[in-house]
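Listing of my_file10.pdb; format and content: PDB, C-alpha atoms.
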```pdb
MODEL        1
ATOM      1  CA  MET W1209      53.130  98.101  57.927
ATOM      2  CA  ALA W1210      50.507  96.156  56.011
ATOM      3  CA  TYR W1211      48.903  97.744  52.988
ATOM      4  CA  THR W1212      45.300  97.718  51.888
ATOM      5  CA  TYR W1213      44.339  98.685  48.359
ATOM      6  CA  THR W1214      43.432 102.181  49.561
ATOM      7  CA  THR W1215      46.579 102.808  51.613
ATOM      8  CA  LEU W1216      48.814 101.379  48.873
ATOM      9  CA  LYS W1217      47.342 103.735  46.280
ATOM     10  CA  THR W1218      47.851 106.641  48.657
ATOM     11  CA  ALA W1219      51.463 105.620  49.324
ATOM     12  CA  ILE W1220      52.243 105.441  45.601
ATOM     13  CA  GLN W1221      50.888 108.951  45.055
ATOM     14  CA  ASP W1222      52.751 110.267  48.097
ATOM     15  CA  TYR W1223      56.074 108.825  46.924
ATOM     16  CA  VAL W1224      55.868 110.108  43.354
ATOM     17  CA  GLN W1225      53.937 113.259  44.326
ATOM     18  CA  SER W1226      51.398 113.046  41.540
ATOM     19  CA  THR W1227      47.613 113.349  41.607
ATOM     20  CA  GLU W1228      47.266 113.892  37.854
ATOM     21  CA  THR W1229      44.010 112.328  36.605
ATOM     22  CA  THR W1230      45.476 109.988  34.004
ATOM     23  CA  PHE W1231      48.123 108.790  36.464
ATOM     24  CA  VAL W1232      45.573 108.116  39.198
ATOM     25  CA  SER W1233      43.374 106.180  36.751
ATOM     26  CA  GLN W1234      46.301 103.753  36.178
ATOM     27  CA  LEU W1235      47.062 102.986  39.829
ATOM     28  CA  ALA W1236      45.296  99.626  39.725
ATOM     29  CA  ARG W1237      47.310  98.642  36.646
ATOM     30  CA  PHE W1238      50.610  99.537  38.371
ATOM     31  CA  ILE W1239      49.684  97.333  41.329
ATOM     32  CA  LEU W1240      48.509  94.463  39.104
ATOM     33  CA  ASN W1241      51.778  94.560  37.168
ATOM     34  CA  ALA W1242      53.750  94.497  40.420
ATOM     35  CA  GLU W1243      51.744  91.513  41.704
ATOM     36  CA  GLU W1244      52.362  89.643  38.460
ATOM     37  CA  ARG W1245      56.127  90.201  38.686
ATOM     38  CA  ILE W1246      56.189  89.042  42.302
ATOM     39  CA  LEU W1247      54.177  85.884  41.666
ATOM     40  CA  LYS W1248      56.263  84.878  38.654
ATOM     41  CA  GLU W1249      59.617  85.557  40.291
ATOM     42  CA  CYS W1250      58.968  84.108  43.739
ATOM     43  CA  GLN W1251      57.130  80.861  44.458
ATOM     44  CA  LEU W1252      55.786  80.587  47.990
ATOM     45  CA  ASP W1253      54.108  77.546  49.511
ATOM     46  CA  VAL W1254      51.189  79.739  50.548
ATOM     47  CA  PHE W1255      50.291  80.012  46.841
ATOM     48  CA  ARG W1256      50.293  76.264  46.244
ATOM     49  CA  LYS W1257      47.133  74.172  45.969
ATOM     50  CA  SER W1258      45.745  71.049  44.343
ATOM     51  CA  SER W1259      42.668  70.244  42.297
ATOM     52  CA  GLN W1260      41.145  67.235  40.609
ATOM     53  CA  GLY W1261      39.692  66.939  37.142
ATOM     54  CA  THR W1262      38.849  64.298  34.580
ATOM     55  CA  ALA W1263      40.802  63.403  31.472
ATOM     56  CA  ALA W1264      38.177  62.250  29.001
ATOM     57  CA  SER W1265      38.645  59.127  26.913
ATOM     58  CA  GLY W1266      39.888  59.997  23.436
ATOM     59  CA  ASN W1267      40.662  63.618  24.382
ATOM     60  CA  ALA W1268      44.347  64.592  24.539
ATOM     61  CA  TYR W1269      43.612  67.930  26.210
ATOM     62  CA  LEU W1270      43.078  68.659  29.902
ATOM     63  CA  ALA W1271      41.777  72.031  31.134
ATOM     64  CA  LYS W1272      43.854  73.986  33.647
ATOM     65  CA  PRO W1273      42.202  75.605  36.698
ATOM     66  CA  SER W1274      41.154  79.212  36.115
ATOM     67  CA  ASP W1275      43.696  80.469  38.699
ATOM     68  CA  PHE W1276      46.590  78.394  37.320
ATOM     69  CA  LEU W1277      50.030  80.017  37.353
ATOM     70  CA  ALA W1278      52.605  77.187  37.178
ATOM     71  CA  GLN W1279      52.511  73.413  37.532
ATOM     72  CA  ASN W1280      54.164  71.410  40.278
ATOM     73  CA  SER W1281      53.009  67.915  39.373
ATOM     74  CA  LEU W1282      50.220  66.069  37.562
ATOM     75  CA  SER W1283      49.172  62.529  38.398
ATOM     76  CA  VAL W1284      46.559  59.933  37.536
ATOM     77  CA  ILE W1285      44.689  58.581  40.542
ATOM     78  CA  ASN W1286      44.848  54.850  39.851
ATOM     79  CA  GLY W1287      42.922  53.045  42.561
ATOM     80  CA  SER W1288      44.732  53.632  45.839
ATOM     81  CA  SER W1289      47.907  54.907  44.158
ATOM     82  CA  LYS W1290      48.995  57.838  42.031
ATOM     83  CA  GLU W1291      50.857  57.591  38.758
ATOM     84  CA  PHE W1292      52.835  60.782  38.123
ATOM     85  CA  LEU W1293      53.160  62.042  34.578
ATOM     86  CA  LEU W1294      56.469  63.425  33.300
ATOM     87  CA  TYR W1295      56.468  67.045  32.184
ATOM     88  CA  LYS W1296      57.850  67.574  28.660
ATOM     89  CA  GLN W1297      57.683  70.111  25.851
ATOM     90  CA  ALA W1298      54.635  69.919  23.577
ATOM     91  CA  THR W1299      56.817  69.119  20.539
ATOM     92  CA  MET W1300      58.186  66.034  22.310
ATOM     93  CA  LEU W1301      54.648  64.800  22.993
ATOM     94  CA  GLN W1302      53.697  65.312  19.360
ATOM     95  CA  ASP W1303      56.745  63.316  18.273
ATOM     96  CA  TYR W1304      55.904  60.600  20.805
ATOM     97  CA  GLY W1305      52.305  60.302  19.628
ATOM     98  CA  PRO W1306      51.890  61.902  16.191
ATOM     99  CA  ASN W1307      48.489  60.239  15.767
ATOM    100  CA  PRO W1308      46.147  61.516  18.532
ATOM    101  CA  ALA W1309      43.796  58.623  17.757
ATOM    102  CA  THR W1310      46.358  56.241  19.258
ATOM    103  CA  THR W1311      45.336  55.906  22.896
ATOM    104  CA  GLY W1312      46.826  54.529  26.092
ATOM    105  CA  PHE W1313      47.544  55.284  29.727
ATOM    106  CA  PRO W1314      48.879  58.888  29.928
ATOM    107  CA  LYS W1315      52.631  59.100  30.599
ATOM    108  CA  TYR W1316      53.521  62.684  29.679
ATOM    109  CA  TYR W1317      52.017  66.147  29.837
ATOM    110  CA  ALA W1318      52.925  69.556  28.467
ATOM    111  CA  ASP W1319      51.641  73.113  28.356
ATOM    112  CA  TRP W1320      49.522  73.502  25.224
ATOM    113  CA  ASP W1321      48.240  77.012  25.837
ATOM    114  CA  GLU W1322      47.308  79.255  28.767
ATOM    115  CA  ALA W1323      44.200  77.210  29.563
ATOM    116  CA  THR W1324      45.101  73.657  28.516
ATOM    117  CA  PHE W1325      47.548  70.789  29.053
ATOM    118  CA  LEU W1326      48.395  68.275  26.350
ATOM    119  CA  LEU W1327      48.523  64.591  27.378
ATOM    120  CA  ALA W1328      50.328  61.713  25.694
ATOM    121  CA  PRO W1329      49.334  59.191  24.808
ATOM    122  CA  THR W1330      45.721  60.259  24.371
ATOM    123  CA  PRO W1331      43.768  58.726  27.306
ATOM    124  CA  ASP W1332      42.161  55.388  26.488
ATOM    125  CA  SER W1333      39.650  55.820  29.310
ATOM    126  CA  SER W1334      38.321  58.499  31.630
ATOM    127  CA  TYR W1335      40.907  59.126  34.333
ATOM    128  CA  THR W1336      40.767  61.192  37.501
ATOM    129  CA  MET W1337      43.703  63.596  37.429
ATOM    130  CA  GLU W1338      45.234  65.465  40.367
ATOM    131  CA  LEU W1339      47.168  68.645  39.705
ATOM    132  CA  HIS W1340      49.429  70.299  42.271
ATOM    133  CA  TYR W1341      50.171  73.842  41.184
ATOM    134  CA  PHE W1342      50.993  77.419  42.054
ATOM    135  CA  TYR W1343      47.953  79.617  41.704
ATOM    136  CA  ARG W1344      47.357  83.292  41.073
ATOM    137  CA  PRO W1345      45.629  84.650  44.214
ATOM    138  CA  GLN W1346      42.959  87.301  44.027
ATOM    139  CA  SER W1347      44.508  90.716  43.463
ATOM    140  CA  ILE W1348      44.401  93.297  46.225
ATOM    141  CA  THR W1349      42.676  95.512  43.640
ATOM    142  CA  GLU W1350      39.752  93.065  43.445
ATOM    143  CA  SER W1351      39.335  91.697  46.979
ATOM    144  CA  SER W1352      36.129  92.592  48.765
ATOM    145  CA  ASP W1353      37.894  94.064  51.809
ATOM    146  CA  GLY W1354      40.845  95.588  49.943
ATOM    147  CA  THR W1355      43.407  93.243  51.523
ATOM    148  CA  SER W1356      45.586  90.401  50.225
ATOM    149  CA  TRP W1357      48.330  88.099  51.465
ATOM    150  CA  LEU W1358      50.952  90.109  49.589
ATOM    151  CA  GLY W1359      49.656  93.406  50.928
ATOM    152  CA  THR W1360      49.764  92.097  54.494
ATOM    153  CA  ASN W1361      52.932  90.002  54.419
ATOM    154  CA  ALA W1362      55.024  91.462  51.593
ATOM    155  CA  GLU W1363      54.298  95.151  51.882
ATOM    156  CA  LEU W1364      57.734  96.369  50.802
ATOM    157  CA  VAL W1365      57.750  94.237  47.669
ATOM    158  CA  MET W1366      54.273  95.475  46.806
ATOM    159  CA  LEU W1367      55.190  99.111  47.435
ATOM    160  CA  TYR W1368      58.454  99.214  45.515
ATOM    161  CA  GLY W1369      57.166  96.993  42.721
ATOM    162  CA  SER W1370      54.251  99.388  42.252
ATOM    163  CA  LEU W1371      56.571 102.406  42.433
ATOM    164  CA  VAL W1372      58.749 100.994  39.658
ATOM    165  CA  GLU W1373      55.660 100.668  37.457
ATOM    166  CA  ALA W1374      54.317 104.093  38.436
ATOM    167  CA  TYR W1375      57.588 105.966  37.980
ATOM    168  CA  THR W1376      58.211 104.263  34.645
ATOM    169  CA  PHE W1377      54.784 105.476  33.523
ATOM    170  CA  LEU W1378      55.686 109.008  34.594
ATOM    171  CA  LYS W1379      59.037 108.778  32.772
ATOM    172  CA  GLY W1380      60.679 109.894  35.998
ATOM    173  CA  GLU W1381      64.340 110.496  36.700
ATOM    174  CA  SER W1382      66.465 107.430  36.015
ATOM    175  CA  ASP W1383      68.390 107.761  39.309
ATOM    176  CA  LEU W1384      65.248 107.582  41.424
ATOM    177  CA  LEU W1385      63.800 104.807  39.268
ATOM    178  CA  SER W1386      66.997 102.833  39.874
ATOM    179  CA  ILE W1387      66.600 103.305  43.625
ATOM    180  CA  TYR W1388      63.003 102.031  43.518
ATOM    181  CA  ASP W1389      64.030  99.044  41.415
ATOM    182  CA  LYS W1390      66.965  98.232  43.706
ATOM    183  CA  ARG W1391      64.726  98.258  46.763
ATOM    184  CA  PHE W1392      62.181  96.133  44.930
ATOM    185  CA  GLN W1393      64.871  93.577  44.065
ATOM    186  CA  GLU W1394      66.198  93.574  47.648
ATOM    187  CA  SER W1395      62.775  93.008  49.181
ATOM    188  CA  LEU W1396      61.999  90.394  46.524
ATOM    189  CA  GLN W1397      65.173  88.538  47.460
ATOM    190  CA  TRP W1398      64.026  88.302  51.068
ATOM    191  CA  MET W1399      60.786  86.771  49.821
ATOM    192  CA  LYS W1400      62.735  84.299  47.711
ATOM    193  CA  ASN W1401      64.821  83.365  50.753
ATOM    194  CA  LEU W1402      61.596  82.644  52.592
ATOM    195  CA  GLY W1403      59.869  80.757  49.797
ATOM    196  CA  GLU W1404      62.815  78.862  48.345
ATOM    197  CA  GLY W1405      64.879  78.399  51.493
ATOM    198  CA  LEU W1406      63.390  78.948  54.922
ATOM    199  CA  GLN W1407      60.071  77.238  54.132
ATOM    200  CA  THR W1408      61.810  74.146  52.791
ATOM    201  CA  ARG W1409      64.506  73.653  55.432
ATOM    202  CA  ASP W1410      64.516  71.979  58.809
ATOM    203  CA  GLN W1411      66.986  73.804  61.055
ATOM    204  CA  TYR W1412      67.434  70.647  63.117
ATOM    205  CA  ARG W1413      69.161  69.135  60.074
ATOM    206  CA  TYR W1414      70.322  72.247  58.209
ATOM    207  CA  ASP W1415      72.040  75.407  59.317
ATOM    208  CA  ARG W1416      70.563  78.847  58.659
ATOM    209  CA  ILE W1417      70.704  80.286  55.158
ATOM    210  CA  ARG W1418      73.722  82.487  54.672
ATOM    211  CA  ARG W1419      73.900  85.101  51.963
ATOM    212  CA  GLU W1420      77.027  85.212  49.813
ATOM    213  CA  ALA W1421      79.438  88.019  50.568
ATOM    214  CA  GLN W1422      79.032  90.978  48.242
TER
ENDMDL
END
```

Starting from the coordinates I provided, produce the structure as structure tokens.
Amino acid sequence: MAYTYTTLKTAIQDYVQSTETTFVSQLARFILNAEERILKECQLDVFRKSSQGTAASGNAYLAKPSDFLAQNSLSVINGSSKEFLLYKQATMLQDYGPNPATTGFPKYYADWDEATFLLAPTPDSSYTMELHYFYRPQSITESSDGTSWLGTNAELVMLYGSLVEAYTFLKGESDLLSIYDKRFQESLQWMKNLGEGLQTRDQYRYDRIRREAQ
């Protein structure tokens, strides 16, 4: 069954049997933490998008979109073609171009901080950049109608991920916490099979995914 923000909060309280005020006040945080774990451990095509921005001449830094989670590719739109940059570590870029005043056509990019990419060499002109990336969707705790893709399509992962957070907060019995975590990991694996296998395979050419024997 699909979960809304309201029904998910109710389910969490029903499972752990707690209506204590401090616990209830943290329900949104439990759900947010669960969403963050899911998004960082399982990349689905439904959370992929692209955006364009401008790399300014003489500026080695390029702002990331506000909903950025992880990069897929970054390219320079050069006329009718795209020139893809190679992703490297920031230290490599600094070794490659120790003097940021030295400019040229960008070849490399790296994560500089949570909001910025570093480019090398520093752009010698203003370039239109296209970023393909995985984004952080709006949380079910913040959506106007109390729904989200995860709540509708990944209800078990959302439930058990939230229960792990909630029961950890309550310092509950380790045996039950282990059960919640196991079910979270099992449901997360099914999502990974979908995102990293089923969505990227053509059954005309490839057989069905088979899980390894336990």

Write out as a list in words the residues lying within 9 Å of Glu1373 of chain W, counting all atoms listed in the file and excluding same-chain residues fewer than 2 positions away.
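So, after excluding close chain neighbours, the residues are Arg1237, Phe1238, Ile1239, Asn1241, Ala1242, Tyr1368, Gly1369, Ser1370, Leu1371, Tyr1375, Thr1376, Phe1377 and Leu1378 of chain W.
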
What does the PyMOL selection byres ((chain W and resi 1346) around 12) select in this file, as an NGL selection string?
:W and (1240 or 1243-1244 or 1247 or 1255 or 1274-1276 or 1343-1345 or 1347-1359)

Got a sec to resolve the PyMOL selection byres ((chain W and resi 1308) around 8) on this structure and send the residues as a PDB file with C-alpha atoms, in the coordinates of the input?
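Listed below is the output, result-v7.pdb:
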```pdb
ATOM      1  CA  ALA W1268      44.347  64.592  24.539  1.00  0.00           C
ATOM      2  CA  GLY W1305      52.305  60.302  19.628  1.00  0.00           C
ATOM      3  CA  PRO W1306      51.890  61.902  16.191  1.00  0.00           C
ATOM      4  CA  ASN W1307      48.489  60.239  15.767  1.00  0.00           C
ATOM      5  CA  ALA W1309      43.796  58.623  17.757  1.00  0.00           C
ATOM      6  CA  THR W1310      46.358  56.241  19.258  1.00  0.00           C
ATOM      7  CA  THR W1311      45.336  55.906  22.896  1.00  0.00           C
ATOM      8  CA  PRO W1329      49.334  59.191  24.808  1.00  0.00           C
ATOM      9  CA  THR W1330      45.721  60.259  24.371  1.00  0.00           C
TER      10      THR W1330
END
```

If I put a ball of radius 12 Å at (64.2, 88.0, 47.5) in the file's coordinates, which residues poke into it when counting only C-alpha atoms, written as a ChimeraX atom specification?
/W:1246-1247,1249-1252,1362,1364-1365,1390-1406,1419

Generate the output file for the selected residues, C-alpha atoms, as a PDB file, in the frame of the given file.
```pdb
ATOM      1  CA  ILE W1246      56.189  89.042  42.302  1.00  0.00           C
ATOM      2  CA  LEU W1247      54.177  85.884  41.666  1.00  0.00           C
ATOM      3  CA  GLU W1249      59.617  85.557  40.291  1.00  0.00           C
ATOM      4  CA  CYS W1250      58.968  84.108  43.739  1.00  0.00           C
ATOM      5  CA  GLN W1251      57.130  80.861  44.458  1.00  0.00           C
ATOM      6  CA  LEU W1252      55.786  80.587  47.990  1.00  0.00           C
ATOM      7  CA  ALA W1362      55.024  91.462  51.593  1.00  0.00           C
ATOM      8  CA  LEU W1364      57.734  96.369  50.802  1.00  0.00           C
ATOM      9  CA  VAL W1365      57.750  94.237  47.669  1.00  0.00           C
ATOM     10  CA  LYS W1390      66.965  98.232  43.706  1.00  0.00           C
ATOM     11  CA  ARG W1391      64.726  98.258  46.763  1.00  0.00           C
ATOM     12  CA  PHE W1392      62.181  96.133  44.930  1.00  0.00           C
ATOM     13  CA  GLN W1393      64.871  93.577  44.065  1.00  0.00           C
ATOM     14  CA  GLU W1394      66.198  93.574  47.648  1.00  0.00           C
ATOM     15  CA  SER W1395      62.775  93.008  49.181  1.00  0.00           C
ATOM     16  CA  LEU W1396      61.999  90.394  46.524  1.00  0.00           C
ATOM     17  CA  GLN W1397      65.173  88.538  47.460  1.00  0.00           C
ATOM     18  CA  TRP W1398      64.026  88.302  51.068  1.00  0.00           C
ATOM     19  CA  MET W1399      60.786  86.771  49.821  1.00  0.00           C
ATOM     20  CA  LYS W1400      62.735  84.299  47.711  1.00  0.00           C
ATOM     21  CA  ASN W1401      64.821  83.365  50.753  1.00  0.00           C
ATOM     22  CA  LEU W1402      61.596  82.644  52.592  1.00  0.00           C
ATOM     23  CA  GLY W1403      59.869  80.757  49.797  1.00  0.00           C
ATOM     24  CA  GLU W1404      62.815  78.862  48.345  1.00  0.00           C
ATOM     25  CA  GLY W1405      64.879  78.399  51.493  1.00  0.00           C
ATOM     26  CA  LEU W1406      63.390  78.948  54.922  1.00  0.00           C
ATOM     27  CA  ARG W1419      73.900  85.101  51.963  1.00  0.00           C
TER      28      ARG W1419
END
```

Identify all residues satisfying the PyMOL selection byres ((chain W and resi 1331) around 6) in the given file; provide them as a PDB file with C-alpha atoms, in the frame of the given file.
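In the end it all went to expr_1.pdb:
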```pdb
ATOM      1  CA  SER W1265      38.645  59.127  26.913  1.00  0.00           C
ATOM      2  CA  GLY W1266      39.888  59.997  23.436  1.00  0.00           C
ATOM      3  CA  THR W1311      45.336  55.906  22.896  1.00  0.00           C
ATOM      4  CA  GLY W1312      46.826  54.529  26.092  1.00  0.00           C
ATOM      5  CA  PHE W1313      47.544  55.284  29.727  1.00  0.00           C
ATOM      6  CA  PRO W1314      48.879  58.888  29.928  1.00  0.00           C
ATOM      7  CA  THR W1330      45.721  60.259  24.371  1.00  0.00           C
ATOM      8  CA  ASP W1332      42.161  55.388  26.488  1.00  0.00           C
ATOM      9  CA  SER W1333      39.650  55.820  29.310  1.00  0.00           C
TER      10      SER W1333
END
```

Just the residues within 9 Å of Asn1361 of chain W, please, counting all atoms listed in the file, with nothing from its chain fewer than 5 positions along; format it as a list in words.
Met1209, Ala1210, Tyr1211 and Ser1356 of chain W

What gap, in Å, lies between atom CA of Lys1257 of chain W and atom CA of Leu1282 of chain W?
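Computing the Euclidean distance for atom CA of Lys1257 of chain W and atom CA of Leu1282 of chain W yields 12.1 Å.
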
Counting all atoms listed in the file, the residue of W:Val1254, W:Val1284, W:Ile1220, W:Leu1277 that sits nearest Thr1336 of chain W
W:Val1284

Choose the residue, out of W:Phe1342, W:Tyr1388, W:Tyr1295, W:Tyr1213, that has the smallest atom-to-atom separation from Leu1326 of chain W; count all atoms listed in the file.
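Under the stated criterion, the closest residue is W:Tyr1295.
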
Please compute the atom CA of Leu1293 of chain W-atom CA of Gly1261 of chain W distance, one decimal, in Å.
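Going from atom CA of Leu1293 of chain W over to atom CA of Gly1261 of chain W covers 14.6 Å.
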
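Of the listed residues W:Glu1363, W:Glu1381, W:Asp1319, W:Glu1338, the one whose atoms come nearest to Ala1263 of chain W is W:Glu1338, with distances taken using only C-alpha atoms.
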
Gap from atom CA of Ala1328 of chain W to atom CA of Lys1315 of chain W - Å, one decimal:
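Atom CA of Ala1328 of chain W sits 6.0 Å away from atom CA of Lys1315 of chain W.
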
So which one's closest to Gln1225 of chain W, W:Ala1374, W:Ile1285, W:Tyr1304, W:Met1366? Using all atoms listed in the file, please.
W:Ala1374

Just checking: using only C-alpha atoms, which residue out of W:Tyr1269, W:Glu1228, W:Arg1245, W:Asp1321 ends up closest to Val1372 of chain W?
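That would be W:Arg1245, the residue with the smallest distance to Val1372 of chain W.
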
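Of the residues listed (W:Leu1327, W:Ile1387, W:Leu1216, W:Leu1367), W:Leu1327 shows the shortest atom-to-atom separation from Asn1267 of chain W; distances use all atoms listed in the file.
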